[in-house]
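Colleague: What follows is the file start.cif, containing mmCIF, C-alpha atoms:
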```
data_model
loop_
_atom_site.group_PDB
_atom_site.id
_atom_site.type_symbol
_atom_site.label_atom_id
_atom_site.label_comp_id
_atom_site.auth_asym_id
_atom_site.auth_seq_id
_atom_site.Cartn_x
_atom_site.Cartn_y
_atom_site.Cartn_z
ATOM 1 C CA MET A 1298 -138.304 -142.791 -59.978
ATOM 2 C CA PRO A 1299 -138.047 -139.312 -61.504
ATOM 3 C CA GLU A 1300 -135.692 -138.888 -64.464
ATOM 4 C CA ARG A 1301 -133.627 -136.291 -62.591
ATOM 5 C CA ASP A 1302 -132.838 -138.814 -59.847
ATOM 6 C CA CYS A 1303 -132.027 -141.557 -62.355
ATOM 7 C CA ASN A 1304 -129.620 -139.221 -64.148
ATOM 8 C CA GLN A 1305 -127.835 -138.459 -60.886
ATOM 9 C CA ILE A 1306 -127.521 -142.152 -60.041
ATOM 10 C CA ARG A 1307 -126.085 -142.818 -63.510
ATOM 11 C CA ASP A 1308 -123.612 -139.929 -63.339
ATOM 12 C CA LEU A 1309 -122.393 -140.833 -59.851
ATOM 13 C CA LEU A 1310 -121.844 -144.474 -60.831
ATOM 14 C CA VAL A 1311 -119.997 -143.428 -63.990
ATOM 15 C CA ASP A 1312 -117.749 -141.192 -61.870
ATOM 16 C CA GLU A 1313 -117.125 -144.170 -59.579
ATOM 17 C CA ARG A 1314 -116.147 -146.314 -62.609
ATOM 18 C CA VAL A 1315 -118.330 -149.170 -61.403
ATOM 19 C CA GLU A 1316 -118.190 -152.623 -62.962
ATOM 20 C CA THR A 1317 -120.548 -154.528 -60.657
ATOM 21 C CA VAL A 1318 -123.669 -153.083 -59.009
ATOM 22 C CA ILE A 1319 -126.332 -154.673 -56.812
ATOM 23 C CA GLU A 1320 -129.802 -153.149 -56.936
ATOM 24 C CA ILE A 1321 -132.553 -153.976 -54.464
ATOM 25 C CA GLY A 1322 -136.015 -153.253 -55.848
ATOM 26 C CA LEU A 1323 -136.744 -153.175 -59.592
ATOM 27 C CA ALA A 1324 -140.403 -152.093 -59.885
ATOM 28 C CA TYR A 1325 -140.732 -150.309 -63.272
ATOM 29 C CA ALA A 1326 -136.948 -150.243 -63.943
ATOM 30 C CA GLY A 1327 -136.279 -146.485 -63.951
ATOM 31 C CA SER A 1328 -133.243 -146.752 -61.688
ATOM 32 C CA ALA A 1329 -132.211 -150.070 -63.268
ATOM 33 C CA LEU A 1330 -131.976 -148.467 -66.706
ATOM 34 C CA ALA A 1331 -129.801 -145.686 -65.251
ATOM 35 C CA ILE A 1332 -127.544 -148.187 -63.476
ATOM 36 C CA SER A 1333 -127.159 -150.357 -66.574
ATOM 37 C CA GLU A 1334 -126.358 -147.264 -68.642
ATOM 38 C CA ALA A 1335 -123.663 -146.333 -66.132
ATOM 39 C CA LEU A 1336 -122.192 -149.838 -66.325
ATOM 40 C CA LEU A 1337 -122.029 -149.642 -70.118
ATOM 41 C CA ARG A 1338 -120.506 -146.149 -70.083
ATOM 42 C CA THR A 1339 -117.608 -147.176 -67.850
ATOM 43 C CA GLY A 1340 -116.282 -149.461 -70.579
ATOM 44 C CA SER A 1341 -115.914 -152.523 -68.375
ATOM 45 C CA ARG A 1342 -115.274 -155.793 -70.202
ATOM 46 C CA SER A 1343 -117.661 -157.630 -67.904
ATOM 47 C CA PRO A 1344 -120.304 -155.267 -66.478
ATOM 48 C CA ARG A 1345 -122.656 -156.934 -64.023
ATOM 49 C CA HIS A 1346 -125.938 -155.672 -62.603
ATOM 50 C CA VAL A 1347 -127.580 -157.939 -60.038
ATOM 51 C CA VAL A 1348 -131.200 -156.865 -59.540
ATOM 52 C CA ILE A 1349 -133.132 -158.307 -56.590
ATOM 53 C CA ASP A 1350 -136.915 -158.012 -56.512
ATOM 54 C CA PRO A 1351 -139.120 -160.811 -55.149
ATOM 55 C CA PHE A 1352 -142.247 -158.955 -56.290
ATOM 56 C CA GLN A 1353 -141.255 -158.240 -59.900
ATOM 57 C CA HIS A 1354 -143.528 -160.906 -61.394
ATOM 58 C CA THR A 1355 -146.344 -160.593 -58.856
ATOM 59 C CA ALA A 1356 -146.829 -156.928 -57.914
ATOM 60 C CA TYR A 1357 -145.325 -155.506 -61.136
ATOM 61 C CA GLU A 1358 -146.289 -158.225 -63.636
ATOM 62 C CA GLY A 1359 -142.693 -158.397 -64.898
ATOM 63 C CA VAL A 1360 -142.870 -154.939 -66.489
ATOM 64 C CA GLY A 1361 -139.475 -153.750 -65.200
ATOM 65 C CA TRP A 1362 -137.647 -156.901 -66.256
ATOM 66 C CA GLU A 1363 -139.330 -156.893 -69.679
ATOM 67 C CA LEU A 1364 -138.195 -153.294 -70.158
ATOM 68 C CA LEU A 1365 -134.582 -154.173 -69.312
ATOM 69 C CA CYS A 1366 -134.693 -157.121 -71.702
ATOM 70 C CA SER A 1367 -136.284 -155.083 -74.510
ATOM 71 C CA ALA A 1368 -133.453 -152.551 -74.084
ATOM 72 C CA GLY A 1369 -130.975 -155.391 -74.672
ATOM 73 C CA LEU A 1370 -129.671 -155.286 -71.109
ATOM 74 C CA ASP A 1371 -130.361 -158.898 -70.137
ATOM 75 C CA GLY A 1372 -126.712 -159.635 -70.973
ATOM 76 C CA VAL A 1373 -125.632 -157.173 -68.279
ATOM 77 C CA ALA A 1374 -128.473 -157.505 -65.776
ATOM 78 C CA GLU A 1375 -129.711 -160.573 -63.964
ATOM 79 C CA LEU A 1376 -132.946 -160.755 -62.004
ATOM 80 C CA VAL A 1377 -133.169 -162.522 -58.645
ATOM 81 C CA THR A 1378 -136.735 -163.056 -57.436
ATOM 82 C CA GLU A 1379 -136.162 -163.950 -53.811
ATOM 83 C CA PRO A 1380 -135.971 -161.704 -50.740
ATOM 84 C CA SER A 1381 -132.790 -159.654 -50.645
ATOM 85 C CA GLN A 1382 -132.152 -160.532 -46.997
ATOM 86 C CA ARG A 1383 -131.697 -164.197 -47.978
ATOM 87 C CA PHE A 1384 -129.919 -163.745 -51.284
ATOM 88 C CA LEU A 1385 -127.415 -161.161 -50.028
ATOM 89 C CA ALA A 1386 -126.364 -163.535 -47.231
ATOM 90 C CA ARG A 1387 -125.462 -166.150 -49.845
ATOM 91 C CA LEU A 1388 -123.573 -163.596 -51.933
ATOM 92 C CA ALA A 1389 -121.574 -162.571 -48.857
ATOM 93 C CA ASP A 1390 -120.817 -166.239 -48.063
ATOM 94 C CA ALA A 1391 -119.582 -166.689 -51.634
ATOM 95 C CA SER A 1392 -117.260 -163.633 -51.279
ATOM 96 C CA PHE A 1393 -119.135 -161.831 -54.069
ATOM 97 C CA ALA A 1394 -117.846 -158.266 -54.512
ATOM 98 C CA ALA A 1395 -119.571 -155.196 -55.936
ATOM 99 C CA ASP A 1396 -118.439 -151.623 -56.489
ATOM 100 C CA ALA A 1397 -121.766 -150.079 -55.512
ATOM 101 C CA ALA A 1398 -125.335 -150.795 -54.476
ATOM 102 C CA PHE A 1399 -128.676 -149.048 -54.855
ATOM 103 C CA VAL A 1400 -131.328 -149.827 -52.229
ATOM 104 C CA ASP A 1401 -135.016 -149.183 -52.881
ATOM 105 C CA GLY A 1402 -136.644 -152.377 -51.641
ATOM 106 C CA SER A 1403 -138.464 -153.015 -48.412
ATOM 107 C CA HIS A 1404 -138.859 -149.986 -46.196
ATOM 108 C CA HIS A 1405 -139.278 -152.017 -42.999
ATOM 109 C CA PHE A 1406 -136.452 -151.151 -40.591
ATOM 110 C CA HIS A 1407 -135.357 -154.748 -40.040
ATOM 111 C CA ASN A 1408 -135.186 -155.509 -43.764
ATOM 112 C CA VAL A 1409 -133.264 -152.324 -44.583
ATOM 113 C CA PHE A 1410 -130.881 -153.010 -41.702
ATOM 114 C CA VAL A 1411 -130.180 -156.576 -42.866
ATOM 115 C CA ASP A 1412 -129.718 -155.408 -46.477
ATOM 116 C CA LEU A 1413 -127.211 -152.764 -45.369
ATOM 117 C CA HIS A 1414 -125.394 -155.230 -43.130
ATOM 118 C CA PHE A 1415 -124.747 -157.621 -46.010
ATOM 119 C CA LEU A 1416 -124.026 -154.824 -48.479
ATOM 120 C CA GLY A 1417 -121.353 -153.654 -46.041
ATOM 121 C CA GLU A 1418 -119.695 -157.023 -46.583
ATOM 122 C CA ILE A 1419 -120.322 -157.207 -50.336
ATOM 123 C CA VAL A 1420 -119.587 -153.654 -51.538
ATOM 124 C CA ARG A 1421 -115.835 -153.163 -51.721
ATOM 125 C CA PRO A 1422 -114.146 -150.931 -49.143
ATOM 126 C CA GLY A 1423 -114.378 -147.355 -50.417
ATOM 127 C CA GLY A 1424 -117.387 -148.234 -52.584
ATOM 128 C CA VAL A 1425 -120.752 -146.511 -52.423
ATOM 129 C CA VAL A 1426 -124.239 -147.397 -51.265
ATOM 130 C CA LEU A 1427 -127.129 -145.289 -52.565
ATOM 131 C CA LEU A 1428 -130.547 -145.349 -50.933
ATOM 132 C CA ASP A 1429 -133.929 -144.046 -51.964
ATOM 133 C CA ASP A 1430 -136.426 -142.700 -49.423
ATOM 134 C CA VAL A 1431 -133.790 -141.845 -46.793
ATOM 135 C CA GLY A 1432 -136.300 -139.490 -45.192
ATOM 136 C CA TRP A 1433 -138.499 -142.389 -44.098
ATOM 137 C CA PRO A 1434 -137.900 -142.952 -40.358
ATOM 138 C CA SER A 1435 -137.351 -146.687 -40.847
ATOM 139 C CA VAL A 1436 -134.736 -146.148 -43.568
ATOM 140 C CA SER A 1437 -132.969 -143.240 -41.848
ATOM 141 C CA ALA A 1438 -132.761 -145.184 -38.557
ATOM 142 C CA ALA A 1439 -131.150 -148.162 -40.286
ATOM 143 C CA VAL A 1440 -128.634 -145.939 -42.092
ATOM 144 C CA ALA A 1441 -127.838 -144.095 -38.852
ATOM 145 C CA TYR A 1442 -126.443 -147.279 -37.305
ATOM 146 C CA PHE A 1443 -123.958 -147.699 -40.161
ATOM 147 C CA GLU A 1444 -122.934 -144.049 -40.084
ATOM 148 C CA ILE A 1445 -122.445 -143.897 -36.310
ATOM 149 C CA ASN A 1446 -121.023 -147.343 -35.615
ATOM 150 C CA LEU A 1447 -119.344 -148.416 -38.851
ATOM 151 C CA GLY A 1448 -118.091 -145.158 -40.333
ATOM 152 C CA TRP A 1449 -120.228 -144.949 -43.467
ATOM 153 C CA ARG A 1450 -119.754 -141.359 -44.649
ATOM 154 C CA PRO A 1451 -122.568 -139.373 -46.254
ATOM 155 C CA MET A 1452 -121.682 -137.904 -49.652
ATOM 156 C CA PRO A 1453 -123.812 -134.741 -49.387
ATOM 157 C CA GLY A 1454 -123.028 -133.277 -52.801
ATOM 158 C CA ALA A 1455 -123.324 -136.555 -54.698
ATOM 159 C CA LEU A 1456 -127.088 -136.384 -55.221
ATOM 160 C CA ALA A 1457 -127.578 -132.674 -54.547
ATOM 161 C CA TYR A 1458 -129.895 -131.997 -57.483
ATOM 162 C CA GLY A 1459 -132.333 -134.837 -56.889
ATOM 163 C CA THR A 1460 -135.997 -134.519 -56.122
ATOM 164 C CA LEU A 1461 -137.191 -133.724 -52.641
ATOM 165 C CA ALA A 1462 -139.262 -136.025 -50.481
ATOM 166 C CA PRO A 1463 -142.892 -134.864 -50.350
ATOM 167 C CA ALA A 1464 -142.858 -134.718 -46.544
ATOM 168 C CA GLY A 1465 -140.214 -132.441 -45.091
ATOM 169 C CA GLY A 1466 -138.659 -131.148 -48.304
ATOM 170 C CA ARG A 1467 -135.397 -133.051 -47.810
ATOM 171 C CA PRO A 1468 -133.638 -134.956 -50.611
ATOM 172 C CA ARG A 1469 -135.276 -138.318 -51.214
ATOM 173 C CA MET A 1470 -131.972 -140.107 -51.907
ATOM 174 C CA GLY A 1471 -128.744 -140.482 -49.984
ATOM 175 C CA ALA A 1472 -125.254 -141.619 -50.956
ATOM 176 C CA TYR A 1473 -122.749 -143.149 -48.534
ATOM 177 C CA ARG A 1474 -119.059 -143.944 -48.955
ATOM 178 C CA LEU A 1475 -117.976 -147.116 -47.192
ATOM 179 C CA PRO A 1476 -114.811 -146.951 -45.099
ATOM 180 C CA ASP A 1477 -111.540 -148.315 -46.410
ATOM 181 C CA PRO A 1478 -110.416 -150.538 -44.830
ATOM 182 C CA ARG A 1479 -113.582 -152.273 -43.684
ATOM 183 C CA PRO A 1480 -113.957 -151.724 -39.899
ATOM 184 C CA ALA A 1481 -114.116 -154.425 -37.259
ATOM 185 C CA PRO A 1482 -116.249 -152.752 -34.585
ATOM 186 C CA ASP A 1483 -115.820 -153.501 -30.908
ATOM 187 C CA PHE A 1484 -119.154 -154.337 -29.268
ATOM 188 C CA LYS A 1485 -117.974 -152.504 -26.132
ATOM 189 C CA LYS A 1486 -117.873 -149.244 -28.129
ATOM 190 C CA PHE A 1487 -121.412 -149.497 -29.489
ATOM 191 C CA ARG A 1488 -123.051 -146.080 -29.847
ATOM 192 C CA PRO A 1489 -126.844 -145.631 -29.818
ATOM 193 C CA PHE A 1490 -128.030 -144.514 -33.247
ATOM 194 C CA CYS A 1491 -131.631 -143.361 -32.820
#
```
Output the file's structure in the form of structure tokens.

Modeller:
Amino acid sequence: MPERDCNQIRDLLVDERVETVIEIGLAYAGSALAISEALLRTGSRSPRHVVIDPFQHTAYEGVGWELLCSAGLDGVAELVTEPSQRFLARLADASFAADAAFVDGSHHFHNVFVDLHFLGEIVRPGGVVLLDDVGWPSVSAAVAYFEINLGWRPMPGALAYGTLAPAGGRPRMGAYRLPDPRPAPDFKKFRPFC
């Protein structure tokens, strides 16, 4: 992830005064370093960064996790190496709460949708969910459901100076504010989203 985008993630999370963040997708740890820096800057007594990446030790040979550890962040960050769709369900069942989430994992519609569903239960009302690659049709379609049917509000200025997606020239990242209180949608009022 480009440095400019990482800096924006960090600054937004500092402004939000986050104490607990869930990140989906670690890869080479660019965004993870920014998120951990934000957690340390907020001055929380117990910062927590839950990083989920089932491919960290296979596709990335552990490089991202080793970088976080070498930066001394293994006391703040914890690595989960199972699919986010399974792990997030258990976090939701355990009433785990986070202030924010960053999603840059699977880009398959069904996986993004399930991740966002559980993050909607885990991220506190009024918290934020950040996504990379929002210009991808699969990602934008999943996000559209939560905007249209659950009241997630785009934060257009939050990541205004980030890099642009190669195709289409639109910003590659998106930020969404979750409603407060958490909605209880009526299935009779379902609105098509794509």

Colleague: Between atom CA of A:Val1400 and atom CA of A:Phe1415, measure the distance and give it in Å to one decimal.

Modeller: 11.9 Å

Colleague: Please write as an MDAnalysis selection string the full residue list that the PyMOL selection byres ((chain A and resi 1461) around 12) yields on this file.

Modeller: chainID A and resid 1298:1299 1301:1302 1429:1432 1456:1460 1462:1471

Colleague: In Å, rounded to a single decimal, give me how far atom CA of A:Leu1388 is from atom CA of A:Asp1312.

Modeller: 25.2 Å

Colleague: Once the PyMOL selection byres ((chain A and resi 1438) around 12) has been applied to the shown file, what residues remain in the selection, as a list in words?

Modeller: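 Checked against the file, the PyMOL selection byres ((chain A and resi 1438) around 12) matches His1404, His1405, Phe1406, His1407, Asn1408, Val1409, Phe1410, Leu1413, Asp1430, Val1431, Gly1432, Trp1433, Pro1434, Ser1435, Val1436, Ser1437, Ala1439, Val1440, Ala1441, Tyr1442, Phe1443, Glu1444, Ile1445, Pro1489, Phe1490 and Cys1491 of chain A.
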
Colleague: Of the candidates A:Pro1344, A:Gly1327, A:Pro1482, A:Pro1453, which one gets nearest to A:Trp1362 if we count all atoms listed in the file?

Modeller: A:Gly1327

Colleague: If the PyMOL selection byres ((chain A and resi 1336-1342) around 6) is run on the structure shown, which residues does it catch, given as a ChimeraX atom specification?

Modeller: /A:1311,1314,1316,1333-1335,1343-1344

Colleague: Once you count all atoms listed in the file, which residues end up no further than 9 Å from (-120.2, -145.5, -52.8) in the file's frame, shown as a list in words?

Modeller: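 Every residue inside that radius is included here: Leu1309, Leu1310, Glu1313, Asp1396, Ala1397, Ala1398, Val1420, Arg1421, Pro1422, Gly1423, Gly1424, Val1425, Val1426, Leu1427, Met1452, Ala1472, Tyr1473, Arg1474 and Leu1475 of chain A.
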
Colleague: Could you save those same residues with C-alpha atoms as a compact mmCIF listing (two decimals), in the coordinates of the input?

Modeller:
```txt
# COMPACT_ATOMS: atom_id res chain seq x y z
CA LEU A 1309 -122.39 -140.83 -59.85
CA LEU A 1310 -121.84 -144.47 -60.83
CA GLU A 1313 -117.12 -144.17 -59.58
CA ASP A 1396 -118.44 -151.62 -56.49
CA ALA A 1397 -121.77 -150.08 -55.51
CA ALA A 1398 -125.34 -150.79 -54.48
CA VAL A 1420 -119.59 -153.65 -51.54
CA ARG A 1421 -115.84 -153.16 -51.72
CA PRO A 1422 -114.15 -150.93 -49.14
CA GLY A 1423 -114.38 -147.35 -50.42
CA GLY A 1424 -117.39 -148.23 -52.58
CA VAL A 1425 -120.75 -146.51 -52.42
CA VAL A 1426 -124.24 -147.40 -51.26
CA LEU A 1427 -127.13 -145.29 -52.56
CA MET A 1452 -121.68 -137.90 -49.65
CA ALA A 1472 -125.25 -141.62 -50.96
CA TYR A 1473 -122.75 -143.15 -48.53
CA ARG A 1474 -119.06 -143.94 -48.96
CA LEU A 1475 -117.98 -147.12 -47.19
```

Colleague: Of the residues A:Pro1351, A:Ala1455, A:Phe1384, A:Tyr1325, which is the one nearest to A:Leu1364, using all atoms listed in the file?

Modeller: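 Among A:Pro1351, A:Ala1455, A:Phe1384, A:Tyr1325, it is A:Tyr1325 that comes nearest to A:Leu1364.
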
Colleague: Just give me the gap between atom CA of A:Gly1448 and atom CA of A:Arg1479 in Å, one decimal is fine.

Modeller: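 Taking atom CA of A:Gly1448 as the start and atom CA of A:Arg1479 as the end point, the length is 9.1 Å.
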
Colleague: Using all atoms listed in the file and a cutoff of 7 Å, can you tell me which residues are near (-136.3, -150.7, -51.1) in the file's coordinates, and write them out as a PyMOL selection string?

Modeller: chain A and resi 1321-1322+1400-1404

Colleague: Looking at A:Ala1324, A:Pro1476, A:Arg1307, A:His1346, which one is nearest to A:Glu1358, with distances taken over all atoms listed in the file?

Modeller: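 Answer, going by the shortest atom-to-atom distance: A:Ala1324.
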
Colleague: Need the shell around A:Val1377: protein/DNA/RNA residues with any atom at most 8 Å away, counting all atoms listed in the file. Skip same-chain ones fewer than 6 positions apart. Format as a VMD selection string?

Modeller: chain A and resid 1347 to 1351

Colleague: Could the residues in this selection be saved with C-alpha atoms as a tab-separated table (two decimals), in the frame of the given file?

Modeller:
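Below you can see again-v9.tsv, which holds the result:
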```
chain	number	residue	atom	x	y	z
A	1347	VAL	CA	-127.58	-157.94	-60.04
A	1348	VAL	CA	-131.20	-156.86	-59.54
A	1349	ILE	CA	-133.13	-158.31	-56.59
A	1350	ASP	CA	-136.92	-158.01	-56.51
A	1351	PRO	CA	-139.12	-160.81	-55.15
```

Colleague: Counting only C-alpha atoms, which of A:Ala1481, A:Ala1356, A:Ile1419, A:Ala1329 gets nearest to A:Leu1447?

Modeller: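 Checking each of A:Ala1481, A:Ala1356, A:Ile1419, A:Ala1329 against A:Leu1447, counting only C-alpha atoms, the winner is A:Ala1481.
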
Colleague: Pick from A:Leu1416, A:Leu1376, A:Ile1319, A:Ala1391: nearest to A:Gly1361, with all atoms listed in the file counted?

Modeller: A:Leu1376

Colleague: Using all atoms listed in the file, which residue out of A:Asp1412, A:Glu1320, A:Glu1300, A:Asp1477 lies closest to A:Leu1385?

Modeller: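 Distance minimum relative to A:Leu1385 lands on A:Asp1412.
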
Colleague: Centre and edge lengths of an axis-aligned box around all listed atoms of stretch 1302-1318 of chain A, with 6 Å added on each side, are to be given in Å to one decimal, as JSON.

Modeller:
```
{"center_x": -124.5, "center_y": -146.5, "center_z": -61.6, "size_x": 28.7, "size_y": 28.1, "size_z": 17.1}
```
